[in-house]
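protein-v5.txt (compact mmCIF, C-alpha atoms and all ligand atoms) appears below.
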```txt
# COMPACT_ATOMS: atom_id res chain seq x y z
CA MET A 1 186.92 -60.46 97.66
CA THR A 2 187.17 -58.37 94.47
CA ILE A 3 188.41 -55.03 95.68
CA GLN A 4 189.33 -52.15 93.48
CA PRO A 5 192.92 -51.42 94.52
CA GLY A 6 193.85 -48.27 96.36
CA TRP A 7 190.85 -47.62 98.57
CA ASP A 8 192.85 -47.76 101.77
CA ALA A 9 195.61 -45.55 100.33
CA VAL A 10 193.21 -42.65 99.79
CA TYR A 11 192.56 -42.56 103.54
CA VAL A 12 196.26 -42.25 104.46
CA ALA A 13 197.09 -39.52 101.95
CA ASP A 14 197.98 -36.04 103.29
CA GLN A 15 194.79 -34.53 101.92
CA PRO A 16 191.40 -36.12 102.61
CA PRO A 17 189.65 -37.40 99.47
CA PRO A 18 186.95 -35.21 97.81
CA TRP A 19 184.02 -36.95 99.51
CA ASP A 20 185.54 -37.04 103.01
CA ILE A 21 184.29 -33.62 104.09
CA GLY A 22 184.24 -34.09 107.87
CA ARG A 23 180.46 -33.78 108.13
CA PRO A 24 177.46 -35.72 106.81
CA GLN A 25 176.29 -35.21 103.26
CA PRO A 26 173.53 -32.53 103.43
CA VAL A 27 171.15 -34.79 101.48
CA PHE A 28 171.43 -37.49 104.14
CA THR A 29 170.97 -34.92 106.91
CA ARG A 30 167.74 -33.90 105.19
CA LEU A 31 166.61 -37.54 105.04
CA ALA A 32 167.38 -37.88 108.74
CA ASP A 33 165.41 -34.69 109.46
CA GLN A 34 162.48 -36.37 107.69
CA GLY A 35 162.80 -39.34 110.06
CA LEU A 36 163.79 -41.72 107.26
CA LEU A 37 167.13 -43.00 108.61
CA ARG A 38 165.67 -45.39 111.13
CA GLY A 39 165.75 -48.90 112.56
CA ALA A 40 168.64 -51.24 111.94
CA LEU A 41 170.69 -49.19 109.48
CA LEU A 42 173.65 -50.14 107.33
CA ASP A 43 175.93 -47.48 105.86
CA ALA A 44 177.47 -49.47 103.00
CA GLY A 45 180.96 -48.18 102.14
CA CYS A 46 180.83 -45.70 105.01
CA GLY A 47 184.28 -44.14 104.62
CA THR A 48 185.10 -42.29 107.83
CA GLY A 49 181.53 -42.63 109.06
CA GLU A 50 179.96 -39.15 109.13
CA ASN A 51 176.64 -40.33 107.69
CA THR A 52 176.65 -43.39 109.97
CA MET A 53 177.19 -41.29 113.10
CA MET A 54 174.54 -38.80 112.07
CA ALA A 55 172.02 -41.64 111.67
CA ALA A 56 173.03 -43.07 115.07
CA GLU A 57 172.55 -39.67 116.67
CA ARG A 58 168.99 -39.64 115.28
CA GLY A 59 168.24 -42.99 116.89
CA ALA A 60 169.10 -45.57 114.23
CA GLY A 61 171.00 -48.70 115.22
CA ALA A 62 173.77 -47.79 112.81
CA LEU A 63 176.55 -49.98 111.43
CA GLY A 64 179.08 -48.63 108.95
CA VAL A 65 181.19 -51.00 106.87
CA ASP A 66 184.03 -50.23 104.52
CA VAL A 67 186.77 -52.20 102.82
CA ALA A 68 189.41 -49.62 103.80
CA PRO A 69 190.85 -50.39 107.26
CA HIS A 70 192.17 -46.84 107.71
CA ALA A 71 188.71 -45.41 107.02
CA ILE A 72 187.21 -47.70 109.67
CA GLU A 73 189.98 -46.84 112.15
CA ARG A 74 189.27 -43.14 111.60
CA ALA A 75 185.49 -43.70 111.92
CA ARG A 76 185.96 -45.58 115.20
CA GLY A 77 188.25 -42.82 116.49
CA LYS A 78 185.68 -40.12 115.71
CA ALA A 79 182.87 -42.22 117.23
CA ALA A 80 184.88 -42.64 120.45
CA GLU A 81 185.65 -38.90 120.61
CA ARG A 82 181.99 -38.00 120.10
CA GLY A 83 180.48 -40.75 122.25
CA SER A 84 178.58 -42.06 119.22
CA THR A 85 176.75 -45.39 119.38
CA ALA A 86 177.57 -46.09 115.72
CA ARG A 87 179.52 -49.30 115.11
CA PHE A 88 182.09 -49.84 112.37
CA GLU A 89 183.51 -52.95 110.73
CA VAL A 90 185.87 -53.69 107.86
CA ALA A 91 183.75 -55.63 105.36
CA ASP A 92 183.18 -56.09 101.64
CA VAL A 93 179.86 -54.66 100.45
CA LEU A 94 179.91 -57.17 97.61
CA ASP A 95 179.48 -59.92 100.19
CA LEU A 96 177.24 -58.44 102.88
CA GLY A 97 175.70 -61.81 103.71
CA GLN A 98 178.91 -62.49 105.65
CA LEU A 99 177.68 -60.02 108.28
CA GLY A 100 174.87 -62.38 109.27
CA LEU A 101 172.59 -59.36 109.84
CA THR A 102 169.57 -57.78 108.18
CA PHE A 103 168.59 -54.13 107.97
CA ASP A 104 165.56 -51.82 107.68
CA THR A 105 167.50 -49.01 106.07
CA VAL A 106 170.61 -48.87 103.90
CA VAL A 107 172.59 -45.74 103.13
CA ASP A 108 174.83 -45.69 100.05
CA SER A 109 176.63 -42.40 99.72
CA GLY A 110 178.95 -42.60 96.70
CA VAL A 111 179.50 -46.35 96.54
CA PHE A 112 177.27 -47.73 93.75
CA HIS A 113 179.19 -45.63 91.22
CA VAL A 114 182.60 -47.13 92.09
CA PHE A 115 181.79 -50.57 90.66
CA ASP A 116 182.21 -51.88 87.13
CA ASP A 117 179.24 -53.65 85.51
CA GLU A 118 180.10 -57.06 86.94
CA ASP A 119 180.58 -55.84 90.52
CA ARG A 120 177.51 -53.62 90.23
CA ALA A 121 175.39 -56.74 89.68
CA ARG A 122 177.11 -58.46 92.63
CA TYR A 123 176.50 -55.40 94.80
CA VAL A 124 172.75 -55.41 94.09
CA VAL A 125 172.54 -59.12 94.98
CA SER A 126 174.58 -58.45 98.11
CA LEU A 127 172.23 -55.62 99.17
CA ALA A 128 169.23 -57.89 98.58
CA SER A 129 170.73 -60.48 100.93
CA VAL A 130 170.70 -58.12 103.94
CA MET A 131 167.61 -55.99 103.37
CA ARG A 132 164.40 -57.09 105.04
CA PRO A 133 161.22 -57.06 102.91
CA GLY A 134 160.04 -53.45 102.85
CA ALA A 135 163.50 -52.12 103.75
CA THR A 136 164.63 -48.96 101.96
CA CYS A 137 167.97 -48.08 100.40
CA TYR A 138 168.84 -44.41 99.98
CA LEU A 139 171.48 -44.44 97.25
CA MET A 140 173.30 -41.32 96.12
CA CYS A 141 175.61 -41.66 93.13
CA PHE A 142 177.49 -39.49 90.65
CA SER A 143 175.12 -38.39 87.89
CA ASP A 144 175.43 -38.16 84.12
CA ARG A 145 174.47 -34.49 84.59
CA GLN A 146 177.99 -33.91 85.99
CA PRO A 147 180.08 -32.40 83.18
CA GLY A 148 183.57 -33.64 82.28
CA THR A 149 185.17 -36.99 82.93
CA ILE A 150 187.24 -36.45 86.06
CA GLY A 151 186.03 -38.38 89.09
CA PRO A 152 183.81 -41.40 89.35
CA ARG A 153 181.79 -43.11 86.67
CA ARG A 154 178.66 -41.17 85.68
CA ILE A 155 175.37 -42.99 86.25
CA SER A 156 172.14 -42.46 84.30
CA GLN A 157 168.64 -42.88 85.71
CA ASP A 158 168.15 -45.77 83.25
CA GLU A 159 171.16 -47.58 84.72
CA LEU A 160 169.64 -47.31 88.20
CA VAL A 161 166.31 -48.63 86.93
CA THR A 162 168.05 -51.53 85.19
CA ALA A 163 170.24 -52.44 88.16
CA PHE A 164 167.27 -52.58 90.55
CA ARG A 165 164.78 -54.24 88.24
CA ASP A 166 164.18 -57.64 89.84
CA GLY A 167 162.82 -57.72 93.37
CA TRP A 168 162.94 -53.98 93.96
CA ALA A 169 160.64 -50.98 93.63
CA ILE A 170 162.23 -47.62 92.87
CA ALA A 171 160.12 -45.05 94.71
CA SER A 172 161.94 -42.03 93.27
CA ILE A 173 165.09 -40.77 91.59
CA THR A 174 165.80 -37.09 92.16
CA ALA A 175 168.56 -34.70 91.15
CA GLU A 176 170.72 -33.73 94.14
CA THR A 177 174.32 -32.73 94.80
CA PHE A 178 177.26 -34.21 96.67
CA ALA A 179 179.12 -31.76 98.88
CA ILE A 180 182.81 -32.17 98.04
CA HIS A 181 186.21 -30.58 98.57
CA ASN A 182 189.70 -31.00 97.07
CA PHE A 183 188.14 -31.57 93.64
CA GLY A 184 189.41 -28.86 91.30
CA GLY A 185 188.00 -26.09 93.48
CA ALA A 186 184.43 -27.34 93.17
CA SER A 187 182.24 -27.54 96.27
CA GLU A 188 179.55 -29.77 94.82
CA ALA A 189 179.00 -32.45 92.18
CA GLN A 190 175.81 -33.53 90.46
CA ALA A 191 174.18 -36.63 91.90
CA TRP A 192 171.10 -38.81 91.71
CA LEU A 193 169.36 -39.85 94.89
CA ALA A 194 167.47 -43.10 94.36
CA VAL A 195 164.99 -44.33 96.96
CA ILE A 196 164.78 -48.07 96.45
CA GLU A 197 162.54 -50.48 98.32
CA ARG A 198 163.15 -54.20 98.73
CA CYS A 199 160.06 -56.11 97.72
CA GLY A 200 158.67 -58.75 100.03
CA PRO A 201 157.72 -62.32 99.26
CA GLY A 202 154.47 -62.57 97.30
CA SER A 203 155.01 -59.20 95.64
CA GLY A 204 155.46 -60.97 92.34
CA ALA A 205 158.97 -59.55 91.96
N1 LIG A 301 180.13 -43.26 101.95
C1 LIG A 301 181.37 -42.56 102.23
C2 LIG A 301 182.51 -42.94 101.28
C3 LIG A 301 182.23 -42.81 99.80
S1 LIG A 301 183.65 -43.16 98.76
C4 LIG A 301 181.12 -41.08 102.25
O1 LIG A 301 180.04 -40.61 101.85
O2 LIG A 301 182.02 -40.35 102.68
C5 LIG A 301 183.41 -44.88 98.36
C6 LIG A 301 183.74 -45.79 99.55
O3 LIG A 301 183.47 -47.15 99.18
C7 LIG A 301 185.21 -45.77 99.98
O4 LIG A 301 185.28 -45.49 101.35
C8 LIG A 301 185.73 -47.16 99.65
O5 LIG A 301 186.73 -47.60 100.54
C9 LIG A 301 184.45 -47.98 99.76
N2 LIG A 301 184.46 -49.24 99.01
C10 LIG A 301 184.84 -49.46 97.73
N3 LIG A 301 184.68 -50.76 97.40
C11 LIG A 301 184.19 -51.37 98.52
C12 LIG A 301 183.83 -52.72 98.82
N4 LIG A 301 183.92 -53.68 97.91
N5 LIG A 301 183.37 -52.99 100.07
C13 LIG A 301 183.26 -52.01 101.01
N6 LIG A 301 183.60 -50.72 100.78
C14 LIG A 301 184.05 -50.41 99.54
```

Could the structure of this file be written out as structure tokens, please?
Amino acid sequence: MTIQPGWDAVYVADQPPPWDIGRPQPVFTRLADQGLLRGALLDAGCGTGENTMMAAERGAGALGVDVAPHAIERARGKAAERGSTARFEVADVLDLGQLGLTFDTVVDSGVFHVFDDEDRARYVVSLASVMRPGATCYLMCFSDRQPGTIGPRRISQDELVTAFRDGWAIASITAETFAIHNFGGASEAQAWLAVIERCGPGSGA
């Protein structure tokens, strides 16, 4: 597996990383309130699992996967404490076919933007391999509206459109914010939320 080094280390540092805020991202809570986080749900690159557990609480059959073993250990610990039905596995989101599962809903909170161009293409193929026709991916990434250069790679709307061109339909891309901490005193960062549907056979895509 091609893993960017250091992901596990961020979860054993004294201070939790900027995105690990101890509660779900408000944007995903809103999606759950709208009844959109449903069915067999994959939280790709789930970190310590707050979004996964929130989806499980709302009735989704939720699985969170992450490459960082300490993140998964922490997610499992929180799920046990809270009596959550969410499940967690160490897995590479660039090779999701290995799971041998398919999903109705995929959550990506801050993962698409971690990959370089080559791995981005692999990630999209990997997502396609586990999403049923008509399944929806809710993808929130760092946005090119975020000033400065510190933090993850900025993503433009055009890059999202290009990445999900073949076999997908982008229903919407909207400006949102990530809730963050331990990031130069800021409490939010600019994001795009893309709602991306997997086309079925015969759709011409
Ligand atoms: N979704 C989480 C974490 C976002 S940070 C949240 O909202 O809190 C990006 C996450 O992607 C990290 O937890 C990192 O370990 C994970 N990650 C990076 N590359 C990965 C890969 N190839 N496979 C699975 N997880 C990966």

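Between CA of Glu188 in chain A and CA of Asp119 in chain A the separation is 26.4 Å.
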
List every residue of chain A that has an atom at most 9 Å from any atom of ligand LIG 301 (chain A), giving for each one its closest atom pair and the distance in Å to one decimal, counting only C-alpha atoms and all ligand atoms, sorted by chain and then by ascending residue number, as JSON lines.
```
{"residue": "A:Met1", "atom": "CA", "partner": "A:LIG301", "partner_atom": "N4", "distance": 7.4}
{"residue": "A:Thr2", "atom": "CA", "partner": "A:LIG301", "partner_atom": "N4", "distance": 6.7}
{"residue": "A:Ile3", "atom": "CA", "partner": "A:LIG301", "partner_atom": "N4", "distance": 5.2}
{"residue": "A:Gln4", "atom": "CA", "partner": "A:LIG301", "partner_atom": "N3", "distance": 6.2}
{"residue": "A:Pro5", "atom": "CA", "partner": "A:LIG301", "partner_atom": "N3", "distance": 8.8}
{"residue": "A:Gly6", "atom": "CA", "partner": "A:LIG301", "partner_atom": "O5", "distance": 8.3}
{"residue": "A:Trp7", "atom": "CA", "partner": "A:LIG301", "partner_atom": "O5", "distance": 4.6}
{"residue": "A:Asp8", "atom": "CA", "partner": "A:LIG301", "partner_atom": "O5", "distance": 6.2}
{"residue": "A:Val10", "atom": "CA", "partner": "A:LIG301", "partner_atom": "O5", "distance": 8.2}
{"residue": "A:Tyr11", "atom": "CA", "partner": "A:LIG301", "partner_atom": "O4", "distance": 8.1}
{"residue": "A:Pro17", "atom": "CA", "partner": "A:LIG301", "partner_atom": "S1", "distance": 8.3}
{"residue": "A:Pro18", "atom": "CA", "partner": "A:LIG301", "partner_atom": "O2", "distance": 8.6}
{"residue": "A:Trp19", "atom": "CA", "partner": "A:LIG301", "partner_atom": "O2", "distance": 5.1}
{"residue": "A:Asp20", "atom": "CA", "partner": "A:LIG301", "partner_atom": "O2", "distance": 4.8}
{"residue": "A:Ile21", "atom": "CA", "partner": "A:LIG301", "partner_atom": "O2", "distance": 7.2}
{"residue": "A:Gly22", "atom": "CA", "partner": "A:LIG301", "partner_atom": "O2", "distance": 8.4}
{"residue": "A:Arg23", "atom": "CA", "partner": "A:LIG301", "partner_atom": "O2", "distance": 8.7}
{"residue": "A:Pro24", "atom": "CA", "partner": "A:LIG301", "partner_atom": "O1", "distance": 7.4}
{"residue": "A:Gln25", "atom": "CA", "partner": "A:LIG301", "partner_atom": "O1", "distance": 6.7}
{"residue": "A:Asp43", "atom": "CA", "partner": "A:LIG301", "partner_atom": "N1", "distance": 7.1}
{"residue": "A:Ala44", "atom": "CA", "partner": "A:LIG301", "partner_atom": "C13", "distance": 6.6}
{"residue": "A:Gly45", "atom": "CA", "partner": "A:LIG301", "partner_atom": "N6", "distance": 3.9}
{"residue": "A:Cys46", "atom": "CA", "partner": "A:LIG301", "partner_atom": "N1", "distance": 4.0}
{"residue": "A:Gly47", "atom": "CA", "partner": "A:LIG301", "partner_atom": "O4", "distance": 3.7}
{"residue": "A:Thr48", "atom": "CA", "partner": "A:LIG301", "partner_atom": "O2", "distance": 6.3}
{"residue": "A:Gly49", "atom": "CA", "partner": "A:LIG301", "partner_atom": "O2", "distance": 6.8}
{"residue": "A:Glu50", "atom": "CA", "partner": "A:LIG301", "partner_atom": "O2", "distance": 6.9}
{"residue": "A:Asn51", "atom": "CA", "partner": "A:LIG301", "partner_atom": "O1", "distance": 6.8}
{"residue": "A:Thr52", "atom": "CA", "partner": "A:LIG301", "partner_atom": "N1", "distance": 8.7}
{"residue": "A:Gly64", "atom": "CA", "partner": "A:LIG301", "partner_atom": "N1", "distance": 8.9}
{"residue": "A:Val65", "atom": "CA", "partner": "A:LIG301", "partner_atom": "C13", "distance": 6.3}
{"residue": "A:Asp66", "atom": "CA", "partner": "A:LIG301", "partner_atom": "N6", "distance": 3.8}
{"residue": "A:Val67", "atom": "CA", "partner": "A:LIG301", "partner_atom": "C13", "distance": 4.0}
{"residue": "A:Ala68", "atom": "CA", "partner": "A:LIG301", "partner_atom": "O5", "distance": 4.7}
{"residue": "A:Pro69", "atom": "CA", "partner": "A:LIG301", "partner_atom": "O5", "distance": 8.4}
{"residue": "A:Ala71", "atom": "CA", "partner": "A:LIG301", "partner_atom": "O4", "distance": 6.6}
{"residue": "A:Ile72", "atom": "CA", "partner": "A:LIG301", "partner_atom": "O4", "distance": 8.8}
{"residue": "A:Val90", "atom": "CA", "partner": "A:LIG301", "partner_atom": "C13", "distance": 7.5}
{"residue": "A:Ala91", "atom": "CA", "partner": "A:LIG301", "partner_atom": "C13", "distance": 5.7}
{"residue": "A:Asp92", "atom": "CA", "partner": "A:LIG301", "partner_atom": "N5", "distance": 3.5}
{"residue": "A:Val93", "atom": "CA", "partner": "A:LIG301", "partner_atom": "N5", "distance": 3.9}
{"residue": "A:Leu94", "atom": "CA", "partner": "A:LIG301", "partner_atom": "N4", "distance": 5.3}
{"residue": "A:Asp95", "atom": "CA", "partner": "A:LIG301", "partner_atom": "N5", "distance": 7.9}
{"residue": "A:Leu96", "atom": "CA", "partner": "A:LIG301", "partner_atom": "N5", "distance": 8.7}
{"residue": "A:Val107", "atom": "CA", "partner": "A:LIG301", "partner_atom": "N1", "distance": 8.0}
{"residue": "A:Asp108", "atom": "CA", "partner": "A:LIG301", "partner_atom": "N1", "distance": 6.1}
{"residue": "A:Ser109", "atom": "CA", "partner": "A:LIG301", "partner_atom": "N1", "distance": 4.2}
{"residue": "A:Gly110", "atom": "CA", "partner": "A:LIG301", "partner_atom": "C3", "distance": 4.5}
{"residue": "A:Val111", "atom": "CA", "partner": "A:LIG301", "partner_atom": "C5", "distance": 4.6}
{"residue": "A:Phe112", "atom": "CA", "partner": "A:LIG301", "partner_atom": "C5", "distance": 8.2}
{"residue": "A:His113", "atom": "CA", "partner": "A:LIG301", "partner_atom": "C5", "distance": 8.3}
{"residue": "A:Val114", "atom": "CA", "partner": "A:LIG301", "partner_atom": "C10", "distance": 6.5}
{"residue": "A:Phe115", "atom": "CA", "partner": "A:LIG301", "partner_atom": "N3", "distance": 7.3}
{"residue": "A:Asp119", "atom": "CA", "partner": "A:LIG301", "partner_atom": "N4", "distance": 8.4}
{"residue": "A:Tyr123", "atom": "CA", "partner": "A:LIG301", "partner_atom": "N4", "distance": 8.2}
{"residue": "A:Met140", "atom": "CA", "partner": "A:LIG301", "partner_atom": "O1", "distance": 8.9}
{"residue": "A:Phe178", "atom": "CA", "partner": "A:LIG301", "partner_atom": "O1", "distance": 8.7}
```

Between CA of Cys141 in chain A and CA of Ala121 in chain A lies a distance of 15.5 Å

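Here CA of Ala163 in chain A and CA of Ala189 in chain A stand 22.2 Å from one another.
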
Residue among A:Thr102, A:Thr136, A:Thr162, A:Gln146 lying closest to Ala186 in chain A, counting only C-alpha atoms: A:Gln146

I'd like the neighbourhood of Gly61 in chain A as a VMD selection string, where a residue qualifies if any of its atoms comes within 8 Å (using only C-alpha atoms), though same-chain residues fewer than 6 positions away should be ignored. chain A and resid 38 to 41 55 85 to 86

Counting only C-alpha atoms, I want the residues whose atoms come within 9 Å of (161.1, -49.5, 98.6) in the file frame, returned as a list of chain:residue names. A:Pro133, A:Gly134, A:Ala135, A:Thr136, A:Cys137, A:Trp168, A:Ala169, A:Ile170, A:Ala171, A:Val195, A:Ile196, A:Glu197, A:Arg198, A:Cys199

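Closest approach to Glu73 in chain A among A:Val12, A:Met53, A:Ala32, A:Ala128 is made by A:Val12 (distances from only C-alpha atoms).
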
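Nearest residue to Thr29 in chain A among A:Phe103, A:Tyr138, A:Phe164, A:Phe183 is A:Tyr138, counting only C-alpha atoms.
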